[in-house]
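I have placed the structure first, in the form of structure tokens, so that the comments after it can refer back to it.
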Amino acid sequence: MKTIAWNKIILAVGICAVAVPVFGDDMSATNMPPAVMAPADFAWDASLINLKEIRLGEVAQTNSQNADVQEFGRHMVRDHSRLNDRLVKIAQEEGLTLPDTNTFYVPVQAPAEKQATELIPETPQQKLLDAQVDVQNLVSLSGPAFDQAYAGAMMRGHEKAMQKFQDASASLQDDRLKKYADRGLKVIRGHYDMAQKLESEVETNGVASPMTNAAPSM
């Protein structure tokens, strides 16, 4: 009887020893490290976000008849202009390249649709062109169709922006850009909350547009 009991204890200890690493692997898989960002890449992407938000905020004030959409647009122009002014100062002092401030006022030709084999990290110029096409698509809309597309774009765009600023805050070695990312993240989180409310209001009061599903993201 004693031999049987000791065999059970040894077996239980062995199972626990095997199980611990398994659970450890599961925990590490759910805590993925942030994407490592170079100062030049973050500066370019952050400026692109700011300039796009400024342009779309201006369009929201002219293409919409919805007071909430217009007010949201004014808020975006104000906040992202301030964010971009700070970024321009840092970029000038550190020799970083930013998109031209007239980027979203120039008509562009939409690129050919990407194939599955072409899904590789985008170059700064590819990111710029994609953003320009997104803005052009929204500028072509007005009234309820614009409201639906704009509200959806603000939700998805600010969600992506939060992730980008979080990664920059966690991985950048450049102290000035790191502080900029920290402060910008707080602003963008506030915008995301506002965008959630705006999308809910637009869905409640507006009429869904057939172009809504193809709406661009920030």
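Identifiers in this document derive from the order of the structure tokens: chains are assigned A, B, ..., residues are numbered from 1 separately in each chain, and ligands are numbered from 1 in order of occurrence.
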
If you run DSSP on the backbone here, which positions in range 53-194 of chain A get alpha helix (DSSP H)? Please write them as a PyMOL selection string. chain A and resi 53-63+67-94+124-139+143-171+175-194

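If you count only C-alpha atoms and ignore residues fewer than 6 places along the chain from Glu93 in chain A, what sits within 12 Å of it is A:Arg86, A:Leu87, A:Arg176, A:Leu177.
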
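Counting only C-alpha atoms and comparing A:Ala181, A:Pro144, A:Ser200, A:Glu94, the residue that lies closest to Ala161 in chain A is A:Ala181.
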
Write out as a PyMOL selection string the residues lying within 12 Å of Glu71 in chain A, counting only C-alpha atoms and excluding same-chain residues fewer than 2 positions away. chain A and resi 57-62+64-69+73-78+194-195+198

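Shell of His80 in chain A at 7 Å, with only C-alpha atoms counted and residues fewer than 6 places along the chain excluded, is A:Asn50, A:Glu53, A:Ile54.
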
If we count only C-alpha atoms, what is near Asp130 in chain A at a cut-off of 8 Å, once residues fewer than 3 positions away on the same chain are taken out, given as a short mmCIF file (atom, residue, chain, number, x, y, z; two decimals) with N, CA, C and O atoms, in the first residue's frame?
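Output saved as selection.cif:
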data_model
loop_
_atom_site.label_atom_id
_atom_site.label_comp_id
_atom_site.auth_asym_id
_atom_site.auth_seq_id
_atom_site.Cartn_x
_atom_site.Cartn_y
_atom_site.Cartn_z
N ALA A 110 -5.08 56.82 -57.31
CA ALA A 110 -5.12 55.64 -56.43
C ALA A 110 -4.20 54.55 -56.95
O ALA A 110 -4.16 54.30 -58.16
N PRO A 111 -3.44 53.90 -56.07
CA PRO A 111 -2.53 52.83 -56.50
C PRO A 111 -3.30 51.56 -56.86
O PRO A 111 -4.46 51.39 -56.48
N GLN A 126 4.58 55.10 -49.60
CA GLN A 126 3.37 54.28 -49.78
C GLN A 126 2.33 54.62 -48.73
O GLN A 126 1.13 54.71 -49.03
N LYS A 127 2.77 54.83 -47.49
CA LYS A 127 1.86 55.24 -46.43
C LYS A 127 1.21 56.58 -46.77
O LYS A 127 0.01 56.77 -46.56
N VAL A 133 -5.26 58.96 -50.62
CA VAL A 133 -6.44 58.36 -51.27
C VAL A 133 -7.61 58.30 -50.30
O VAL A 133 -8.76 58.57 -50.67
N ASP A 134 -7.34 57.95 -49.05
CA ASP A 134 -8.39 57.92 -48.03
C ASP A 134 -9.07 59.28 -47.91
O ASP A 134 -10.29 59.38 -47.86
#

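Ranking A:Leu98, A:Met155, A:Val139, A:Ala170 by their shortest atom-to-atom distance to Asn63 in chain A, with only C-alpha atoms included, puts A:Val139 first.
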
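The residue that comes closest to Phe146 in chain A, out of A:Ser47, A:Gln70, A:Ser171, A:Gln92 and on the basis of only C-alpha atoms, is A:Gln70.
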
Tell me, as a ChimeraX atom specification, which residues lie within 10 Å of Ala38 in chain A, counting only C-alpha atoms; anything in the same chain fewer than 3 positions away does not count. /A:35,41-43,168,171-174

Which residues, written as number ranges by chain, have at least one atom at most 10 Å from Gln163 in chain A, with only C-alpha atoms counted and residues fewer than 6 positions away on the same chain left out? A: 34-35, 169, 185

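Residue nearest Asp175 in chain A within the list A:Ala46, A:Ile90, A:Ala151, A:Asp85: A:Ile90 [criterion: smallest interatomic distance, only C-alpha atoms].
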